[in-house]
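Printed here is query-v6.cif (mmCIF, C-alpha atoms):
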data_query
#
loop_
_atom_site.group_PDB
_atom_site.id
_atom_site.type_symbol
_atom_site.label_atom_id
_atom_site.label_comp_id
_atom_site.auth_asym_id
_atom_site.auth_seq_id
_atom_site.Cartn_x
_atom_site.Cartn_y
_atom_site.Cartn_z
ATOM 1 C CA MET A 1 -20.863 14.295 -14.036
ATOM 2 C CA ALA A 2 -21.533 13.999 -17.787
ATOM 3 C CA THR A 3 -18.569 16.280 -18.514
ATOM 4 C CA SER A 4 -16.226 14.118 -16.446
ATOM 5 C CA ARG A 5 -17.469 10.994 -18.241
ATOM 6 C CA ALA A 6 -16.890 12.658 -21.616
ATOM 7 C CA LEU A 7 -13.376 13.674 -20.579
ATOM 8 C CA ALA A 8 -12.694 10.172 -19.281
ATOM 9 C CA TYR A 9 -13.834 8.715 -22.615
ATOM 10 C CA LEU A 10 -11.581 11.113 -24.532
ATOM 11 C CA GLU A 11 -8.595 9.725 -22.610
ATOM 12 C CA SER A 12 -9.766 6.104 -22.783
ATOM 13 C CA ARG A 13 -8.101 3.306 -24.711
ATOM 14 C CA LYS A 14 -11.250 2.828 -26.798
ATOM 15 C CA ASN A 15 -11.210 6.417 -28.061
ATOM 16 C CA ILE A 16 -7.456 6.377 -28.739
ATOM 17 C CA THR A 17 -7.628 3.058 -30.629
ATOM 18 C CA GLY A 18 -10.720 4.244 -32.534
ATOM 19 C CA GLY A 19 -8.954 7.508 -33.393
ATOM 20 C CA VAL A 20 -5.922 5.651 -34.768
ATOM 21 C CA CYS A 21 -8.179 3.447 -36.903
ATOM 22 C CA GLY A 22 -10.142 6.525 -38.043
ATOM 23 C CA LEU A 23 -6.852 8.125 -39.134
ATOM 24 C CA ALA A 24 -6.136 4.987 -41.126
ATOM 25 C CA GLY A 25 -9.531 5.521 -42.800
ATOM 26 C CA LEU A 26 -8.527 9.086 -43.686
ATOM 27 C CA VAL A 27 -5.297 7.765 -45.224
ATOM 28 C CA LEU A 28 -7.396 5.369 -47.316
ATOM 29 C CA THR A 29 -9.582 8.315 -48.339
ATOM 30 C CA PHE A 30 -6.633 10.435 -49.484
ATOM 31 C CA THR A 31 -5.186 7.523 -51.461
ATOM 32 C CA GLY A 32 -8.549 7.130 -53.193
ATOM 33 C CA ALA A 33 -9.253 3.622 -51.838
ATOM 34 C CA ALA A 34 -12.355 4.672 -49.863
ATOM 35 C CA GLY A 35 -14.113 6.310 -52.779
ATOM 36 C CA PRO A 36 -17.273 8.318 -52.250
ATOM 37 C CA TYR A 37 -18.108 6.302 -49.117
ATOM 38 C CA TRP A 38 -15.162 7.694 -47.171
ATOM 39 C CA PRO A 39 -17.297 8.986 -44.214
ATOM 40 C CA VAL A 40 -18.680 5.468 -43.708
ATOM 41 C CA VAL A 41 -15.157 3.954 -43.951
ATOM 42 C CA VAL A 42 -13.700 6.429 -41.414
ATOM 43 C CA ALA A 43 -16.630 6.013 -39.001
ATOM 44 C CA GLY A 44 -16.599 2.220 -39.433
ATOM 45 C CA LEU A 45 -12.871 1.968 -38.759
ATOM 46 C CA TYR A 46 -13.224 4.238 -35.720
ATOM 47 C CA GLY A 47 -16.076 2.065 -34.393
ATOM 48 C CA ALA A 48 -14.163 -1.164 -35.073
ATOM 49 C CA GLY A 49 -11.100 0.217 -33.281
ATOM 50 C CA ALA A 50 -13.178 1.298 -30.313
ATOM 51 C CA LEU A 51 -14.775 -2.167 -30.124
ATOM 52 C CA VAL A 52 -11.529 -4.160 -30.262
ATOM 53 C CA ALA A 53 -9.650 -1.926 -27.794
ATOM 54 C CA PRO A 54 -9.003 -3.524 -24.396
ATOM 55 C CA PRO A 55 -11.365 -2.326 -21.672
ATOM 56 C CA GLU A 56 -10.210 0.228 -19.132
ATOM 57 C CA ARG A 57 -8.881 -1.184 -15.902
ATOM 58 C CA PRO A 58 -10.301 0.469 -12.802
ATOM 59 C CA PRO A 59 -7.607 2.051 -10.631
ATOM 60 C CA LEU A 60 -6.425 0.039 -7.635
ATOM 61 C CA PRO A 61 -7.878 1.205 -4.334
ATOM 62 C CA ALA A 62 -5.420 3.321 -2.363
ATOM 63 C CA PHE A 63 -5.036 1.341 0.851
ATOM 64 C CA PRO A 64 -2.736 2.777 3.505
ATOM 65 C CA ASP A 65 0.734 1.270 3.391
ATOM 66 C CA ALA A 66 2.365 -0.479 6.353
ATOM 67 C CA SER A 67 4.024 2.716 7.626
ATOM 68 C CA ALA A 68 0.664 4.544 7.730
ATOM 69 C CA GLN A 69 -0.884 1.553 9.500
ATOM 70 C CA LEU A 70 2.002 1.593 11.986
ATOM 71 C CA GLU A 71 1.228 5.232 12.785
ATOM 72 C CA ALA A 72 -2.406 4.275 13.483
ATOM 73 C CA VAL A 73 -1.226 1.441 15.770
ATOM 74 C CA ARG A 74 0.920 3.965 17.694
ATOM 75 C CA ASP A 75 -2.175 6.094 18.306
ATOM 76 C CA ASP A 76 -4.124 3.044 19.460
ATOM 77 C CA PHE A 77 -1.232 2.038 21.745
ATOM 78 C CA GLU A 78 -1.543 5.396 23.501
ATOM 79 C CA LYS A 79 -5.269 4.765 23.991
ATOM 80 C CA LEU A 80 -4.431 1.311 25.362
ATOM 81 C CA GLY A 81 -1.998 2.893 27.834
ATOM 82 C CA THR A 82 -4.737 5.227 29.081
ATOM 83 C CA TYR A 83 -7.100 2.257 29.506
ATOM 84 C CA ILE A 84 -4.514 0.128 31.339
ATOM 85 C CA ALA A 85 -3.666 2.984 33.721
ATOM 86 C CA ASP A 86 -7.256 2.912 35.033
ATOM 87 C CA VAL A 87 -7.314 -0.863 35.666
ATOM 88 C CA GLU A 88 -6.217 -2.336 38.987
ATOM 89 C CA LEU A 89 -4.245 -5.558 38.484
ATOM 90 C CA PRO A 90 -2.533 -7.948 40.909
ATOM 91 C CA PRO A 91 1.250 -7.343 41.234
ATOM 92 C CA ALA A 92 2.369 -10.385 39.205
ATOM 93 C CA ALA A 93 0.006 -9.641 36.302
ATOM 94 C CA ALA A 94 0.854 -5.935 36.461
ATOM 95 C CA GLY A 95 4.564 -6.825 36.185
ATOM 96 C CA ARG A 96 3.955 -9.008 33.145
ATOM 97 C CA LEU A 97 1.817 -6.325 31.550
ATOM 98 C CA THR A 98 4.549 -3.734 32.155
ATOM 99 C CA GLU A 99 7.109 -6.007 30.452
ATOM 100 C CA LEU A 100 4.776 -6.538 27.497
ATOM 101 C CA THR A 101 3.895 -2.871 27.049
ATOM 102 C CA GLY A 102 7.587 -1.964 27.352
ATOM 103 C CA LEU A 103 8.439 -4.330 24.496
ATOM 104 C CA LEU A 104 5.509 -3.072 22.414
ATOM 105 C CA ALA A 105 6.605 0.521 23.037
ATOM 106 C CA ALA A 106 10.129 -0.340 21.859
ATOM 107 C CA LEU A 107 8.763 -1.947 18.675
ATOM 108 C CA LEU A 108 6.476 1.014 17.977
ATOM 109 C CA ASP A 109 9.026 3.690 18.857
ATOM 110 C CA PRO A 110 9.994 5.729 15.779
ATOM 111 C CA GLY A 111 13.491 4.709 14.764
ATOM 112 C CA TRP A 112 15.264 1.951 12.889
ATOM 113 C CA VAL A 113 13.062 -0.801 14.359
ATOM 114 C CA ALA A 114 9.933 0.989 13.151
ATOM 115 C CA GLU A 115 11.560 1.522 9.745
ATOM 116 C CA VAL A 116 12.200 -2.213 9.429
ATOM 117 C CA LEU A 117 8.738 -3.009 10.762
ATOM 118 C CA ALA A 118 7.113 -0.601 8.281
ATOM 119 C CA LYS A 119 8.327 -2.906 5.484
ATOM 120 C CA ASP A 120 6.693 -5.927 7.115
ATOM 121 C CA PRO A 121 2.871 -5.919 6.789
ATOM 122 C CA ASP A 122 2.608 -9.204 8.715
ATOM 123 C CA GLY A 123 4.573 -7.732 11.611
ATOM 124 C CA VAL A 124 2.387 -4.626 11.629
ATOM 125 C CA HIS A 125 -0.694 -6.884 11.615
ATOM 126 C CA THR A 126 0.678 -8.862 14.584
ATOM 127 C CA LEU A 127 1.331 -5.666 16.538
ATOM 128 C CA ALA A 128 -2.067 -4.218 15.620
ATOM 129 C CA ARG A 129 -3.841 -7.390 16.749
ATOM 130 C CA THR A 130 -1.911 -7.400 20.042
ATOM 131 C CA VAL A 131 -2.585 -3.726 20.771
ATOM 132 C CA ARG A 132 -6.169 -3.501 19.537
ATOM 133 C CA GLN A 133 -7.543 -6.902 20.458
ATOM 134 C CA ASP A 134 -5.427 -9.302 22.513
ATOM 135 C CA VAL A 135 -4.242 -7.094 25.391
ATOM 136 C CA PRO A 136 -7.533 -5.206 25.906
ATOM 137 C CA GLU A 137 -9.520 -8.446 25.766
ATOM 138 C CA ALA A 138 -7.204 -10.203 28.234
ATOM 139 C CA VAL A 139 -7.400 -7.322 30.728
ATOM 140 C CA ASP A 140 -11.133 -6.777 30.283
ATOM 141 C CA THR A 141 -11.890 -10.489 30.647
ATOM 142 C CA PHE A 142 -9.861 -10.547 33.875
ATOM 143 C CA VAL A 143 -11.727 -7.539 35.258
ATOM 144 C CA ARG A 144 -15.101 -9.117 34.479
ATOM 145 C CA THR A 145 -14.160 -12.610 35.691
ATOM 146 C CA ARG A 146 -12.610 -11.371 38.939
ATOM 147 C CA TRP A 147 -15.994 -10.133 40.063
ATOM 148 C CA TRP A 148 -17.640 -13.509 39.401
ATOM 149 C CA SER A 149 -14.815 -15.469 41.033
ATOM 150 C CA ARG A 150 -15.616 -13.777 44.335
ATOM 151 C CA LEU A 151 -19.054 -15.427 44.174
ATOM 152 C CA THR A 152 -17.670 -18.884 43.336
ATOM 153 C CA PRO A 153 -14.538 -19.530 45.444
ATOM 154 C CA GLY A 154 -12.407 -22.617 44.833
ATOM 155 C CA GLN A 155 -11.889 -22.115 41.103
ATOM 156 C CA GLU A 156 -8.568 -21.272 39.488
ATOM 157 C CA PRO A 157 -7.928 -17.573 40.109
ATOM 158 C CA PRO A 158 -8.513 -15.398 37.051
ATOM 159 C CA GLU A 159 -5.160 -13.638 37.595
ATOM 160 C CA ARG A 160 -3.363 -16.884 36.697
ATOM 161 C CA HIS A 161 -5.120 -16.928 33.328
ATOM 162 C CA LEU A 162 -4.240 -13.276 32.823
ATOM 163 C CA GLU A 163 -0.568 -13.944 33.681
ATOM 164 C CA ARG A 164 -0.454 -16.844 31.205
ATOM 165 C CA GLN A 165 -2.129 -14.790 28.478
ATOM 166 C CA LEU A 166 0.270 -11.883 28.985
ATOM 167 C CA GLY A 167 3.205 -14.305 28.956
ATOM 168 C CA LEU A 168 2.076 -15.753 25.625
ATOM 169 C CA LEU A 169 1.611 -12.274 24.150
ATOM 170 C CA HIS A 170 5.076 -11.282 25.390
ATOM 171 C CA ALA A 171 6.545 -14.378 23.711
ATOM 172 C CA ASP A 172 4.812 -13.365 20.435
ATOM 173 C CA ALA A 173 6.261 -9.861 20.648
ATOM 174 C CA GLU A 174 9.731 -11.257 21.414
ATOM 175 C CA ARG A 175 9.449 -13.537 18.384
ATOM 176 C CA LEU A 176 8.567 -10.562 16.219
ATOM 177 C CA ALA A 177 11.541 -8.601 17.571
ATOM 178 C CA ALA A 178 13.847 -11.589 16.935
ATOM 179 C CA ASP A 179 12.554 -11.900 13.350
ATOM 180 C CA LEU A 180 13.249 -8.217 12.710
ATOM 181 C CA ARG A 181 16.730 -8.532 14.226
ATOM 182 C CA GLU A 182 17.482 -11.602 12.112
ATOM 183 C CA ARG A 183 16.197 -9.906 8.961
ATOM 184 C CA GLU A 184 18.534 -6.944 9.514
ATOM 185 C CA ALA A 185 21.450 -9.309 10.201
ATOM 186 C CA ARG A 186 20.763 -11.141 6.927
ATOM 187 C CA ARG A 187 20.569 -7.838 5.110
ATOM 188 C CA GLN A 188 23.931 -6.798 6.512
ATOM 189 C CA GLU A 189 25.500 -10.152 5.586
ATOM 190 C CA SER A 190 24.179 -9.953 2.026
ATOM 191 C CA HIS A 191 25.570 -6.427 1.667
ATOM 192 C CA THR A 192 28.958 -7.639 2.902
ATOM 193 C CA ARG A 193 28.917 -10.478 0.350
ATOM 194 C CA TYR A 194 27.955 -8.017 -2.375
ATOM 195 C CA LEU A 195 30.891 -5.748 -1.503
ATOM 196 C CA GLU A 196 33.268 -8.700 -1.327
ATOM 197 C CA ASP A 197 32.114 -9.952 -4.746
ATOM 198 C CA ARG A 198 32.423 -6.480 -6.218
ATOM 199 C CA SER A 199 35.992 -6.057 -4.983
ATOM 200 C CA LYS A 200 37.171 -9.286 -6.665
#
Give the structure from the file, written as structure tokens.
Amino acid sequence: MATSRALAYLESRKNITGGVCGLAGLVLTFTGAAGPYWPVVVAGLYGAGALVAPPERPPLPAFPDASAQLEAVRDDFEKLGTYIADVELPPAAAGRLTELTGLLAALLDPGWVAEVLAKDPDGVHTLARTVRQDVPEAVDTFVRTRWWSRLTPGQEPPERHLERQLGLLHADAERLAADLREREARRQESHTRYLEDRSK
């Protein structure tokens, strides 16, 4: 621990700046300007240099980038698929859920869509929230509420809420897909303009 601190100090800005100032003190000594007090001059200049040097900046934390996060979302999507397979849903809600999971699978599938998505942290966040929170909560809430609705007939069926929730989540995923498509179209157009300008 102490050795690593000593090595870190040797490479620090303070030591380097102090060393440069100490060398300046040695130059003063060899020119005769420091006189008999040259050790004090060299040490003083080293200390002054070390004091005025800018402090070390701590290294930035190494957070996973969007592509690594996307890989984690893929793993969680597989877990979600296992969970959904064990849940019994009414036909209409099951159809909506199948449409939604199909679209999510297409967005998460390795390929050009995932490559574009890996450059979009907001898109990855939207997908992660849908896979990890929104879909499981919607399905779980339906499963819990369905049991209670049997005891209190006459209320709006919980499957209608589930269908609406899945429809809204599907619309979010479609919006994300449209944004990615539009971004790639803009990229292609800008490349065409660049080539046209270059050929003039």
Any chance you could resolve the PyMOL selection byres ((chain A and resi 128) around 12) against this file and give the residues as a PyMOL selection string? chain A and resi 66+69-77+80+104+107-108+117+121-127+129-136+173
Atoms kept (C-alpha atoms) for selection, written as a CSV table (one decimal), keeping the file's coordinate frame:
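Once everything was written out, this is result_36.csv:
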chain,number,residue,atom,x,y,z
A,66,ALA,CA,2.4,-0.5,6.4
A,69,GLN,CA,-0.9,1.6,9.5
A,70,LEU,CA,2.0,1.6,12.0
A,71,GLU,CA,1.2,5.2,12.8
A,72,ALA,CA,-2.4,4.3,13.5
A,73,VAL,CA,-1.2,1.4,15.8
A,74,ARG,CA,0.9,4.0,17.7
A,75,ASP,CA,-2.2,6.1,18.3
A,76,ASP,CA,-4.1,3.0,19.5
A,77,PHE,CA,-1.2,2.0,21.7
A,80,LEU,CA,-4.4,1.3,25.4
A,104,LEU,CA,5.5,-3.1,22.4
A,107,LEU,CA,8.8,-1.9,18.7
A,108,LEU,CA,6.5,1.0,18.0
A,117,LEU,CA,8.7,-3.0,10.8
A,121,PRO,CA,2.9,-5.9,6.8
A,122,ASP,CA,2.6,-9.2,8.7
A,123,GLY,CA,4.6,-7.7,11.6
A,124,VAL,CA,2.4,-4.6,11.6
A,125,HIS,CA,-0.7,-6.9,11.6
A,126,THR,CA,0.7,-8.9,14.6
A,127,LEU,CA,1.3,-5.7,16.5
A,129,ARG,CA,-3.8,-7.4,16.7
A,130,THR,CA,-1.9,-7.4,20.0
A,131,VAL,CA,-2.6,-3.7,20.8
A,132,ARG,CA,-6.2,-3.5,19.5
A,133,GLN,CA,-7.5,-6.9,20.5
A,134,ASP,CA,-5.4,-9.3,22.5
A,135,VAL,CA,-4.2,-7.1,25.4
A,136,PRO,CA,-7.5,-5.2,25.9
A,173,ALA,CA,6.3,-9.9,20.6
I would like the residues chosen by the PyMOL selection byres ((chain A and resi 165-168) around 10) on the shown file; could you give them as a list in words?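 Answer for the PyMOL selection byres ((chain A and resi 165-168) around 10): Ala93, Ala94, Gly95, Arg96, Leu97, Thr98, Glu99, Leu100, Thr101, Asp134, Val135, Ala138, Val139, Glu159, Arg160, His161, Leu162, Glu163, Arg164, Leu169, His170, Ala171, Asp172, Ala173 and Glu174 of chain A.
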Can you turn the PyMOL selection byres ((chain A and resi 13-27) around 6) into a concrete residue list for this file, as JSON, numbers by chain? {"A": [10, 12, 28, 29, 30, 41, 42, 45, 46, 49, 50, 53]}
A:Pro157, A:Trp38, A:Leu51, A:Ala177 ranked by distance to A:Leu103, top pick (using only C-alpha atoms):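 Looking at the shortest contact to A:Leu103, the residue is A:Ala177.
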Mind giving me the straight-line distance from atom CA of A:Pro61 to atom CA of A:Val113 in Å, one decimal?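 Distance reported for this atom pair: 28.1 Å.
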Do you have the atom CA of A:Ser67-atom CA of A:Ala118 distance handy?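 Interatomic distance here is 4.6 Å.
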